[in-house]
>>> print(open('model_27.csv').read())   # CSV, C-alpha atoms
chain,number,residue,atom,x,y,z
Y,250,MET,CA,302.6,54.2,70.4
Y,251,LYS,CA,302.9,50.5,71.3
Y,252,LEU,CA,299.2,50.0,70.5
Y,253,LEU,CA,299.7,51.6,67.1
Y,254,SER,CA,302.7,49.3,66.4
Y,255,THR,CA,300.6,46.3,67.4
Y,256,ILE,CA,297.7,47.3,65.1
Y,257,VAL,CA,300.1,47.9,62.2
Y,258,LEU,CA,301.8,44.6,62.7
Y,259,ALA,CA,298.4,42.8,62.9
Y,260,LEU,CA,297.2,44.5,59.7
Y,261,SER,CA,300.4,43.5,57.9
Y,262,PHE,CA,299.7,39.8,58.8
Y,263,VAL,CA,296.1,40.2,57.6
Y,264,PHE,CA,297.2,41.7,54.2
Y,265,ALA,CA,300.0,39.2,53.9
Y,266,GLY,CA,297.5,36.4,54.4
Y,267,THR,CA,295.2,37.8,51.8
Y,268,ALA,CA,298.0,38.1,49.3
Y,269,ALA,CA,299.0,34.5,49.9
Y,270,GLN,CA,295.5,33.3,49.4
Y,271,ALA,CA,295.2,35.2,46.2
Y,272,ASN,CA,297.9,33.1,44.5
Y,273,SER,CA,297.5,29.9,46.6
Y,274,GLY,CA,301.2,29.3,46.5
Y,275,TYR,CA,301.5,29.3,42.7
Y,276,ALA,CA,304.7,30.4,41.1
Y,277,LYS,CA,304.6,32.9,38.2
Y,278,GLN,CA,303.2,31.3,35.1
Y,279,LYS,CA,303.5,32.0,31.4
Y,280,VAL,CA,300.6,30.4,29.4
Y,281,VAL,CA,299.5,30.4,25.8
Y,282,TYR,CA,295.8,29.6,25.2
Y,283,HIS,CA,295.3,28.2,21.7
Y,284,VAL,CA,292.0,29.0,19.9
Y,285,ASN,CA,291.5,27.7,16.4
Y,286,TYR,CA,287.7,26.9,16.6
Y,287,ASN,CA,284.6,29.0,15.8
Y,288,ASP,CA,282.4,28.1,18.8
Y,289,ALA,CA,281.1,31.0,20.9
Y,290,LYS,CA,280.3,28.9,23.9
Y,291,ARG,CA,283.8,27.3,23.8
Y,292,SER,CA,285.5,30.6,23.2
Y,293,ILE,CA,283.7,32.2,26.2
Y,294,GLY,CA,284.7,29.1,28.2
Y,295,ALA,CA,288.3,29.6,27.3
Y,296,MET,CA,288.2,33.2,28.4
Y,297,ARG,CA,286.4,32.2,31.6
Y,298,ASN,CA,289.3,29.7,32.2
Y,299,ALA,CA,291.8,32.5,31.7
Y,300,GLN,CA,290.0,34.7,34.2
Y,301,ASN,CA,290.0,31.8,36.7
Y,302,HIS,CA,293.7,31.3,36.0
Y,303,ILE,CA,294.4,35.0,36.7
Y,304,ASN,CA,292.3,34.9,39.9
Y,305,ALA,CA,294.2,31.9,41.2
Y,306,LEU,CA,297.6,33.3,40.4
Y,307,GLY,CA,297.1,36.9,41.6
Y,308,GLU,CA,298.1,40.2,40.0
Y,309,GLY,CA,301.5,40.3,38.4
Y,310,ASN,CA,302.0,36.6,38.8
Y,311,TYR,CA,301.2,35.6,35.2
Y,312,GLU,CA,301.8,36.3,31.5
Y,313,ILE,CA,298.9,35.0,29.4
Y,314,GLN,CA,298.5,35.1,25.6
Y,315,PHE,CA,295.7,33.9,23.4
Y,316,VAL,CA,296.8,32.9,19.9
Y,317,LEU,CA,294.0,32.9,17.4
Y,318,HIS,CA,294.3,31.3,13.9
Y,319,GLY,CA,292.1,29.6,11.4
Y,320,ASN,CA,288.5,29.5,12.7
Y,321,GLY,CA,289.7,30.9,16.0
Y,322,ILE,CA,289.9,34.4,14.4
Y,323,GLU,CA,286.1,34.5,14.8
Y,324,LEU,CA,286.6,35.1,18.5
Y,325,LEU,CA,287.6,38.7,17.7
Y,326,ARG,CA,285.3,39.1,14.7
Y,327,SER,CA,281.8,37.5,14.9
Y,328,VAL,CA,281.8,36.2,18.5
Y,329,VAL,CA,282.4,39.5,20.2
Y,330,ASN,CA,280.1,41.3,17.7
Y,331,GLU,CA,277.2,39.0,18.4
Y,332,ASN,CA,277.8,38.5,22.1
Y,333,SER,CA,278.2,41.3,24.6
Y,334,ASP,CA,279.4,38.9,27.3
Y,335,ALA,CA,282.3,37.8,25.0
Y,336,ALA,CA,283.2,41.5,24.2
Y,337,GLY,CA,283.2,42.2,28.0
Y,338,ARG,CA,285.4,39.3,28.7
Y,339,VAL,CA,287.9,40.3,26.0
Y,340,ASP,CA,288.0,43.9,27.4
Y,341,SER,CA,288.4,42.6,31.0
Y,342,LEU,CA,291.2,40.2,30.1
Y,343,ARG,CA,293.0,42.9,28.0
Y,344,ALA,CA,292.8,45.3,30.9
Y,345,GLN,CA,294.5,42.7,33.0
Y,346,GLY,CA,297.4,42.4,30.6
Y,347,VAL,CA,296.3,39.4,28.5
Y,348,GLU,CA,297.3,39.6,24.9
Y,349,PHE,CA,295.3,38.3,21.9
Y,350,LYS,CA,297.5,37.5,19.0
Y,351,VAL,CA,296.1,36.9,15.5
Y,352,CYS,CA,297.6,35.0,12.6
Y,353,ALA,CA,298.6,37.0,9.6
Y,354,ASN,CA,298.2,33.9,7.4
Y,355,THR,CA,294.6,33.6,8.4
Y,356,LEU,CA,293.9,37.3,7.8
Y,357,LYS,CA,295.5,37.1,4.4
Y,358,GLY,CA,294.0,33.8,3.4
Y,359,ARG,CA,290.5,34.7,4.4
Y,360,LYS,CA,290.8,38.3,3.2
Y,361,ILE,CA,289.9,39.7,6.7
Y,362,ALA,CA,290.8,43.3,7.3
Y,363,LEU,CA,292.4,44.0,10.7
Y,364,GLU,CA,289.7,46.7,11.2
Y,365,ASP,CA,287.1,43.9,11.1
Y,366,LEU,CA,288.5,42.4,14.3
Y,367,TYR,CA,287.5,43.7,17.7
Y,368,PHE,CA,290.0,45.9,19.3
Y,369,ALA,CA,293.0,44.6,17.3
Y,370,ASP,CA,295.9,46.5,15.8
Y,371,ASN,CA,299.2,45.8,14.0
Y,372,SER,CA,300.9,44.9,17.3
Y,373,ASP,CA,298.5,42.0,17.7
Y,374,VAL,CA,299.4,40.3,14.4
Y,375,VAL,CA,301.9,37.5,14.3
Y,376,PRO,CA,303.2,36.0,11.0
Y,377,SER,CA,301.9,32.5,11.8
Y,378,GLY,CA,299.6,31.3,14.6
Y,379,VAL,CA,301.1,27.9,14.9
Y,380,ALA,CA,304.7,29.2,14.7
Y,381,GLU,CA,303.9,31.7,17.4
Y,382,ILE,CA,302.6,28.9,19.7
Y,383,GLY,CA,305.8,27.0,19.1
Y,384,LYS,CA,307.9,30.1,19.8
Y,385,LEU,CA,306.1,30.8,23.0
Y,386,GLN,CA,306.6,27.2,24.1
Y,387,GLN,CA,310.3,27.5,23.5
Y,388,GLU,CA,310.2,30.6,25.7
Y,389,GLY,CA,308.7,28.6,28.5
Y,390,PHE,CA,305.0,29.2,28.0
Y,391,VAL,CA,302.7,26.3,28.9
Y,392,TYR,CA,300.3,25.3,26.2
Y,393,LEU,CA,296.6,25.1,26.9
Y,394,ARG,CA,293.8,24.4,24.5
Y,395,PRO,CA,290.5,24.7,26.2
>>> encode(input="model_27.csv", output="structure tokens")
Amino acid sequence: MKLLSTIVLALSFVFAGTAAQANSGYAKQKVVYHVNYNDAKRSIGAMRNAQNHINALGEGNYEIQFVLHGNGIELLRSVVNENSDAAGRVDSLRAQGVEFKVCANTLKGRKIALEDLYFADNSDVVPSGVAEIGKLQQEGFVYLRP
């Protein structure tokens, strides 16, 4: 029994150490990634940054949103349709709780149907991309524009 207790205690230290390494001492973070450009390489880079961010913080230690407006709407339209790596990254980030918000003004002004966007629905639409970024910053989100 004493041996079993020692093994359990040792394993708890191993797992505790692994969890501590996963977030490297970072506190929970709320971050908004701003995308308003139509550049596949840059968009994929932004999603790679977000994945690295998640990896550093650890599960449950983040709240991340992408806000897409203007030319950035193409991330969920042409970029993912033309690049399977981009689509896979969107899928992976969404599966980890990352939200992709799209600007209603951009959709309306460019006559883009919501159905034309990759994996988007009404809950992903915000009235104004820039106003949403301002709101999120007021709520304590850190602004990043990769």
>>> closest_residue(input="model_27.csv", among="Y:Asn304, Y:Asn332, Y:Ser327, Y:Gln314", to="Val391 of chain Y", atoms="all atoms listed in the file")
Y:Gln314
>>> residues_around(input="model_27.csv", residues="segment 350-363 of chain Y", least_positions_apart="4", cutoff="6 Å", atoms="all atoms listed in the file", output="PyMOL selection string")
chain Y and resi 315-319+373-378
>>> residues_around(input="model_27.csv", residues="Phe349 of chain Y", least_positions_apart="3", cutoff="12 Å", atoms="all atoms listed in the file", output="number ranges by chain")
Y: 281-284, 296, 299, 312-318, 321-322, 324-325, 339-340, 342-346, 352, 366-375, 378, 381
>>> atom_distance(input="model_27.csv", atom1="atom CA of Val280 of chain Y", atom2="atom CA of Leu393 of chain Y")
7.1 Å
>>> atom_distance(input="model_27.csv", atom1="atom CA of Arg291 of chain Y", atom2="atom CA of Lys279 of chain Y")
21.6 Å
>>> atom_distance(input="model_27.csv", atom1="atom CA of Arg394 of chain Y", atom2="atom CA of Tyr311 of chain Y")
17.2 Å
>>> closest_residue(input="model_27.csv", among="Y:Lys277, Y:Arg326, Y:Lys384, Y:Arg338", to="Glu308 of chain Y", atoms="all atoms listed in the file")
Y:Lys277
>>> closest_residue(input="model_27.csv", among="Y:Val347, Y:Asn320, Y:Val329, Y:Glu388", to="His302 of chain Y", atoms="all atoms listed in the file")
Y:Val347
>>> closest_residue(input="model_27.csv", among="Y:Glu348, Y:Tyr392, Y:Ala295, Y:Asn301", to="Val379 of chain Y", atoms="all atoms listed in the file")
Y:Tyr392
>>> closest_residue(input="model_27.csv", among="Y:Ala276, Y:Ile293, Y:Leu306, Y:Leu385", to="Gly337 of chain Y", atoms="all atoms listed in the file")
Y:Ile293
